[in-house]
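What follows is one structure encoded as C-alpha cells, with my remarks underneath.
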Amino acid sequence: MIERSKSTDNQMTTEEKIMNAASLVFMKKGMDGARMQEIADEAGINKALLHYYFRNKEKLFEAVFKRAFDKLMPPLLEVFNSDIPILEKIPRFLNLHVTFLRENPNAPQFILFEIQRNPQMIMEFFAPLIHSGVIDQFKEGVQKSIEKGEIRPIDPIHLLVNIISMSVFPMVARNLIMEFAPFSPTEFDQFMEERKTSVSQFIIKSL
C-alpha cells in the first residue's frame, strides 16, 4: 500500500510537490495540453503515485486552480469589503493583484485560455465572489465618492475593468514587451513592480 508522505521542516510533502509541478505544467500548456506523465516527471515521482493522490487530470486541475484562487481571493475581498475610500482601495488592490501576478506569471494567460475552453467550470470557481456582494459594495463605494465630489462621475464596472486590465495585460503580453522594450527577465519583474504605483497614479488622476 502506498503511504502518503508527511511534512517535515526541510521537505515538501508528495502532495505539495505534485501541486507545484501541476501548476507549472497546467499554466504552460493548459488543461488539454498537459499530460499526467509530464506532471509526474516534473514532480519527480512515478505516475502510479500521482494517480494515488489524484485519480485523474480533471481532479488535479481543479485542485491546482482552487489553490491559486484561494490564495488570491481573501486579501482582495478584504480590500473590497473594507470601508476605506475608493481612492485608497485602488492602490491596495493593485499592490495585491500585481504581487500575485509576479508570483504567478502564467496565471492570466492560463485563466483566459480556460475561460474559453471551459467557461462553466471557471464560473463555478468565481461564483462565490460574484454572489458575495463585493461587486455591489464596490459600486456603492464609487457612487459615494462621486456624490462627495471626490471623483468624477464614472461607471464602476468600467473603473474595475480598467484597473484589472492594466495590470493583467502586461503579463499576458510579457514576451512582446520584453522584446520591444527591451527588458531582461529581471528588468521586466522590476517593471511590473513599478506598475503598482504607475497604474494607481494613472487611474486616480483620471478620476
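In the C-alpha cells, each chain is lettered A, B, ... as it comes, each chain's residues begin at 1, and ligands are numbered from 1 in order of appearance.
Non-sequential neighbours of Pro85 of chain A (distance at most 9 Å, separation of 5 or more positions within a chain, only C-alpha atoms) are Gly141, Val142, Lys144 and Ser145 of chain A.
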Selection to disk with C-alpha atoms, as an mmCIF file, in the first residue's frame:
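Writing the result to selection29.cif gives the following:
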data_model
loop_
_atom_site.group_PDB
_atom_site.id
_atom_site.type_symbol
_atom_site.label_atom_id
_atom_site.label_comp_id
_atom_site.auth_asym_id
_atom_site.auth_seq_id
_atom_site.Cartn_x
_atom_site.Cartn_y
_atom_site.Cartn_z
ATOM 1 C CA GLY A 141 -18.226 52.934 -2.777
ATOM 2 C CA VAL A 142 -17.678 54.508 -6.176
ATOM 3 C CA LYS A 144 -20.426 57.616 -2.610
ATOM 4 C CA SER A 145 -17.134 59.070 -3.806
#
Please, which residues of segment 28-153 of chain A, numbered as in this document, come out alpha helix (DSSP H) from DSSP, as JSON, numbers by chain? {"A": [28, 29, 30, 31, 32, 33, 36, 37, 38, 39, 40, 41, 42, 43, 47, 48, 49, 50, 51, 52, 53, 57, 58, 59, 60, 61, 62, 63, 64, 65, 66, 67, 68, 69, 70, 71, 72, 73, 74, 75, 76, 77, 78, 79, 80, 81, 86, 87, 88, 89, 90, 91, 92, 93, 94, 95, 96, 97, 98, 99, 100, 101, 102, 103, 107, 108, 109, 110, 111, 112, 113, 114, 115, 116, 117, 119, 120, 121, 122, 123, 124, 125, 126, 127, 128, 129, 130, 134, 135, 136, 137, 138, 139, 140, 141, 142, 143, 144, 145, 146, 147]}
Selected residues, C-alpha atoms, written as an mmCIF file, in the first residue's frame, please.
data_model
loop_
_atom_site.group_PDB
_atom_site.id
_atom_site.type_symbol
_atom_site.label_atom_id
_atom_site.label_comp_id
_atom_site.auth_asym_id
_atom_site.auth_seq_id
_atom_site.Cartn_x
_atom_site.Cartn_y
_atom_site.Cartn_z
ATOM 1 C CA LYS A 28 2.287 26.412 -19.557
ATOM 2 C CA LYS A 29 0.099 24.023 -21.546
ATOM 3 C CA GLY A 30 -3.454 24.393 -20.271
ATOM 4 C CA MET A 31 -5.761 21.604 -19.261
ATOM 5 C CA ASP A 32 -5.882 19.920 -22.678
ATOM 6 C CA GLY A 33 -2.153 20.107 -23.387
ATOM 7 C CA MET A 36 -0.187 13.232 -16.210
ATOM 8 C CA GLN A 37 3.164 11.637 -17.077
ATOM 9 C CA GLU A 38 4.674 15.069 -17.644
ATOM 10 C CA ILE A 39 3.368 16.244 -14.269
ATOM 11 C CA ALA A 40 4.741 13.132 -12.576
ATOM 12 C CA ASP A 41 8.139 13.717 -14.195
ATOM 13 C CA GLU A 42 8.115 17.363 -13.099
ATOM 14 C CA ALA A 43 7.295 16.300 -9.534
ATOM 15 C CA LYS A 47 2.739 8.027 -12.465
ATOM 16 C CA ALA A 48 1.188 5.428 -10.146
ATOM 17 C CA LEU A 49 1.912 7.611 -7.131
ATOM 18 C CA LEU A 50 0.463 10.623 -8.917
ATOM 19 C CA HIS A 51 -2.769 8.723 -9.557
ATOM 20 C CA TYR A 52 -2.868 7.676 -5.904
ATOM 21 C CA TYR A 53 -3.129 11.310 -4.879
ATOM 22 C CA LYS A 57 -6.208 15.072 -14.597
ATOM 23 C CA GLU A 58 -9.533 16.841 -14.047
ATOM 24 C CA LYS A 59 -9.356 16.399 -10.255
ATOM 25 C CA LEU A 60 -5.776 17.627 -10.208
ATOM 26 C CA PHE A 61 -6.617 20.613 -12.377
ATOM 27 C CA GLU A 62 -9.467 21.623 -10.063
ATOM 28 C CA ALA A 63 -7.183 21.345 -7.035
ATOM 29 C CA VAL A 64 -4.486 23.492 -8.673
ATOM 30 C CA PHE A 65 -6.940 26.145 -9.799
ATOM 31 C CA LYS A 66 -8.620 26.225 -6.390
ATOM 32 C CA ARG A 67 -5.287 26.649 -4.618
ATOM 33 C CA ALA A 68 -4.382 29.648 -6.783
ATOM 34 C CA PHE A 69 -7.882 31.101 -6.413
ATOM 35 C CA ASP A 70 -7.887 30.636 -2.626
ATOM 36 C CA LYS A 71 -4.529 32.358 -2.384
ATOM 37 C CA LEU A 72 -5.652 35.441 -4.313
ATOM 38 C CA MET A 73 -9.232 35.970 -3.198
ATOM 39 C CA PRO A 74 -9.082 36.501 0.612
ATOM 40 C CA PRO A 75 -6.782 39.557 0.541
ATOM 41 C CA LEU A 76 -8.691 41.070 -2.400
ATOM 42 C CA LEU A 77 -12.019 40.552 -0.661
ATOM 43 C CA GLU A 78 -10.595 42.129 2.464
ATOM 44 C CA VAL A 79 -9.749 45.263 0.478
ATOM 45 C CA PHE A 80 -13.088 45.418 -1.342
ATOM 46 C CA ASN A 81 -15.111 44.734 1.812
ATOM 47 C CA ILE A 86 -12.196 54.170 -3.226
ATOM 48 C CA LEU A 87 -9.051 56.262 -3.787
ATOM 49 C CA GLU A 88 -7.312 54.168 -1.116
ATOM 50 C CA LYS A 89 -8.736 50.881 -2.346
ATOM 51 C CA ILE A 90 -7.223 51.288 -5.814
ATOM 52 C CA PRO A 91 -3.527 51.234 -4.760
ATOM 53 C CA ARG A 92 -4.159 48.497 -2.184
ATOM 54 C CA PHE A 93 -5.902 46.324 -4.761
ATOM 55 C CA LEU A 94 -3.150 46.863 -7.322
ATOM 56 C CA ASN A 95 -0.440 46.064 -4.801
ATOM 57 C CA LEU A 96 -2.045 42.712 -4.010
ATOM 58 C CA HIS A 97 -3.015 41.926 -7.598
ATOM 59 C CA VAL A 98 0.352 42.732 -9.171
ATOM 60 C CA THR A 99 2.181 40.847 -6.418
ATOM 61 C CA PHE A 100 0.088 37.781 -7.247
ATOM 62 C CA LEU A 101 0.799 38.203 -10.966
ATOM 63 C CA ARG A 102 4.538 38.493 -10.383
ATOM 64 C CA GLU A 103 4.492 35.313 -8.303
ATOM 65 C CA ALA A 107 -1.809 32.664 -14.406
ATOM 66 C CA PRO A 108 -3.514 35.359 -16.568
ATOM 67 C CA GLN A 109 -2.982 33.557 -19.874
ATOM 68 C CA PHE A 110 -3.916 30.268 -18.240
ATOM 69 C CA ILE A 111 -7.194 31.654 -16.862
ATOM 70 C CA LEU A 112 -8.087 33.381 -20.139
ATOM 71 C CA PHE A 113 -7.499 30.144 -22.042
ATOM 72 C CA GLU A 114 -9.596 28.118 -19.618
ATOM 73 C CA ILE A 115 -12.426 30.685 -19.747
ATOM 74 C CA GLN A 116 -12.659 29.922 -23.454
ATOM 75 C CA ARG A 117 -12.191 26.174 -23.046
ATOM 76 C CA PRO A 119 -16.361 28.689 -19.051
ATOM 77 C CA GLN A 120 -18.776 26.739 -16.855
ATOM 78 C CA MET A 121 -16.033 25.400 -14.617
ATOM 79 C CA ILE A 122 -14.359 28.797 -14.314
ATOM 80 C CA MET A 123 -17.676 30.415 -13.417
ATOM 81 C CA GLU A 124 -18.161 27.856 -10.660
ATOM 82 C CA PHE A 125 -14.898 28.992 -9.090
ATOM 83 C CA PHE A 126 -15.861 32.655 -9.369
ATOM 84 C CA ALA A 127 -19.459 32.127 -8.229
ATOM 85 C CA PRO A 128 -18.719 32.764 -4.513
ATOM 86 C CA LEU A 129 -17.075 36.060 -5.437
ATOM 87 C CA ILE A 130 -19.893 37.080 -7.767
ATOM 88 C CA VAL A 134 -18.458 42.540 -3.117
ATOM 89 C CA ILE A 135 -19.122 43.968 -6.591
ATOM 90 C CA ASP A 136 -22.227 45.761 -5.333
ATOM 91 C CA GLN A 137 -20.196 47.124 -2.442
ATOM 92 C CA PHE A 138 -17.557 48.376 -4.866
ATOM 93 C CA LYS A 139 -20.282 50.097 -6.919
ATOM 94 C CA GLU A 140 -21.686 51.721 -3.789
ATOM 95 C CA GLY A 141 -18.226 52.934 -2.777
ATOM 96 C CA VAL A 142 -17.678 54.508 -6.176
ATOM 97 C CA GLN A 143 -21.105 56.152 -6.068
ATOM 98 C CA LYS A 144 -20.426 57.616 -2.610
ATOM 99 C CA SER A 145 -17.134 59.070 -3.806
ATOM 100 C CA ILE A 146 -18.930 60.607 -6.800
ATOM 101 C CA GLU A 147 -21.610 62.122 -4.576
#
What separation in Å, quoted to one decimal, exists between atom CA of Glu193 of chain A and atom CA of Val25 of chain A?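 Here the two named atoms are 25.2 Å from each other.
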Please, what distance in Å, to one decimal, runs between atom CA of Val168 of chain A and atom CA of Phe202 of chain A?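 About the pair atom CA of Val168 of chain A and atom CA of Phe202 of chain A: they are 15.3 Å apart.
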Could you tell me how far atom CA of Ser184 of chain A lies from atom CA of Ala22 of chain A, in Å and to one decimal? 26.4 Å
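If only C-alpha atoms are the atoms counted, then among A:Glu150, A:Thr197, A:Phe188, A:Asn56 the closest residue to Ala173 of chain A is A:Phe188.
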From the options A:Val172, A:Leu159, A:Ile45, A:Leu207, which residue's atoms come nearest to Met27 of chain A, counting only C-alpha atoms? A:Val172
Minimum-distance residue to Pro105 of chain A, chosen among A:Pro182, A:Lys148, A:Pro153, A:Met192 (using only C-alpha atoms): A:Met192
